[in-house]
Amino acid sequence: MSLNHCTFMGHLGQDPEIKYLPDGTAVANISVACSEKWKDKVSGETKEKTEWIRAVVFGKRAEVIAEHFKKGSQIHITTKARTRDYEKDGVKVYVTEFVISEFQFCGQRTDNGSAKATQQATAYGGQAQQKTKPSAPDYPVNNNYPEYFNDDIPF
């Protein structure tokens, strides 16, 4: 048995970046800061460490995230790890991304469309309690994306 399932909760480090594939499919890239705090046993100081998670989402979910999330927004995402490769300057580069299958709004939303955002998220599998599986994935099965998506990691 094997399992490819990752769950993260954190804050967006920047506004979502949305692009469109030639067939019109929306693709949004986000960076999620997941922080942990602890008290150092020796010094008694509060310490903090932040891990940055690079995630990608496709289709209507991408459009909902791009429209309703901004830098600093808190989000809970359920993902699958995917590795893809491409060539850059004659060197094969491997990128591991987390493909979002579900997301949930967390924390306080300040926009006046929060009810609409929640409704749209539910319609596109965004809420955690929305457990219906789509008949076919809304993300490309081929992990070799076009060259214009082969940008460097922003952090």
# chains A, B, ... in the order shown; residues from 1 in each chain; ligands from 1

$ residues_around --residues "range 67-73 of chain A" --least-positions-apart "5" --cutoff "6 Å" --atoms "only C-alpha atoms" --output "list in words"
His11, Leu12, Gly13, Gln14 and Asp15 of chain A

$ write_last_selection --atoms "N, CA and C atoms" --output "mmCIF file, in the first residue's frame"
data_model
loop_
_atom_site.group_PDB
_atom_site.id
_atom_site.type_symbol
_atom_site.label_atom_id
_atom_site.label_comp_id
_atom_site.auth_asym_id
_atom_site.auth_seq_id
_atom_site.Cartn_x
_atom_site.Cartn_y
_atom_site.Cartn_z
ATOM 1 N N HIS A 11 0.069 30.644 5.880
ATOM 2 C CA HIS A 11 -0.288 31.925 5.284
ATOM 3 C C HIS A 11 0.415 32.075 3.942
ATOM 4 N N LEU A 12 -0.271 32.714 2.993
ATOM 5 C CA LEU A 12 0.335 32.955 1.685
ATOM 6 C C LEU A 12 1.455 33.979 1.819
ATOM 7 N N GLY A 13 2.579 33.664 1.204
ATOM 8 C CA GLY A 13 3.723 34.561 1.236
ATOM 9 C C GLY A 13 3.661 35.645 0.175
ATOM 10 N N GLN A 14 2.793 35.465 -0.809
ATOM 11 C CA GLN A 14 2.585 36.448 -1.870
ATOM 12 C C GLN A 14 1.217 36.199 -2.483
ATOM 13 N N ASP A 15 0.745 37.138 -3.286
ATOM 14 C CA ASP A 15 -0.524 36.932 -3.983
ATOM 15 C C ASP A 15 -0.388 35.732 -4.919
#

$ residues_around --residues "Ile77 in chain A" --least-positions-apart "5" --cutoff "8 Å" --atoms "only C-alpha atoms" --output "list in words"
Thr7, Phe8, Met9, Ile100, Ser101, Glu102, Phe103 and Gln104 of chain A

$ atom_distance --atom1 "CA of Ser2 in chain A" --atom2 "CA of Val95 in chain A"
21.2 Å

$ closest_residue --among "A:Trp52, A:Glu45, A:Phe58, A:Asn4" --to "Tyr20 in chain A" --atoms "only C-alpha atoms"
A:Phe58

$ closest_residue --among "A:Ala66, A:Val93, A:Pro16, A:Ser35" --to "Lys47 in chain A" --atoms "only C-alpha atoms"
A:Ser35

$ select_by_dssp --residues "range 3-69 of chain A" --states "strand (DSSP E or B)" --output "PyMOL selection string"
chain A and resi 6-12+17-20+26-39+46-58

$ write_last_selection --atoms "C-alpha atoms" --output "short mmCIF file (atom, residue, chain, number, x, y, z; two decimals), in the first residue's frame"
data_model
loop_
_atom_site.label_atom_id
_atom_site.label_comp_id
_atom_site.auth_asym_id
_atom_site.auth_seq_id
_atom_site.Cartn_x
_atom_site.Cartn_y
_atom_site.Cartn_z
CA CYS A 6 0.05 16.00 2.27
CA THR A 7 -1.84 18.55 4.36
CA PHE A 8 -0.59 22.04 5.19
CA MET A 9 -2.00 25.09 6.94
CA GLY A 10 -0.29 28.44 6.77
CA HIS A 11 -0.29 31.93 5.28
CA LEU A 12 0.33 32.96 1.69
CA GLU A 17 0.13 33.88 -9.54
CA ILE A 18 -2.40 32.79 -12.15
CA LYS A 19 -1.58 31.74 -15.71
CA TYR A 20 -3.52 29.93 -18.40
CA ALA A 26 -6.27 28.14 -15.25
CA VAL A 27 -3.11 27.40 -13.22
CA ALA A 28 -2.37 29.21 -9.95
CA ASN A 29 0.90 28.95 -8.04
CA ILE A 30 1.02 29.79 -4.34
CA SER A 31 3.67 29.82 -1.64
CA VAL A 32 2.46 28.87 1.83
CA ALA A 33 4.47 29.72 4.95
CA CYS A 34 4.05 27.02 7.59
CA SER A 35 5.57 28.14 10.89
CA GLU A 36 6.15 26.40 14.18
CA LYS A 37 7.09 27.97 17.52
CA TRP A 38 8.68 26.35 20.54
CA LYS A 39 10.43 27.33 23.73
CA THR A 46 10.75 31.39 22.06
CA LYS A 47 12.08 30.10 18.74
CA GLU A 48 10.33 30.00 15.38
CA LYS A 49 11.01 28.18 12.12
CA THR A 50 9.16 28.66 8.83
CA GLU A 51 8.96 26.15 5.99
CA TRP A 52 7.85 27.40 2.56
CA ILE A 53 5.54 25.14 0.59
CA ARG A 54 5.23 25.68 -3.16
CA ALA A 55 1.82 24.51 -4.37
CA VAL A 56 -0.07 24.56 -7.66
CA VAL A 57 -3.80 24.29 -8.38
CA PHE A 58 -5.65 23.86 -11.68
#

$ atom_distance --atom1 "CA of Gly59 in chain A" --atom2 "CA of Asp23 in chain A"
11.0 Å

$ closest_residue --among "A:Ala81, A:Val91, A:Glu97, A:Tyr86" --to "His5 in chain A" --atoms "only C-alpha atoms"
A:Ala81

$ closest_residue --among "A:Leu21, A:Val42, A:Ala62, A:Val99" --to "Thr83 in chain A" --atoms "only C-alpha atoms"
A:Val99

$ atom_distance --atom1 "CA of Arg84 in chain A" --atom2 "CA of Thr25 in chain A"
18.5 Å
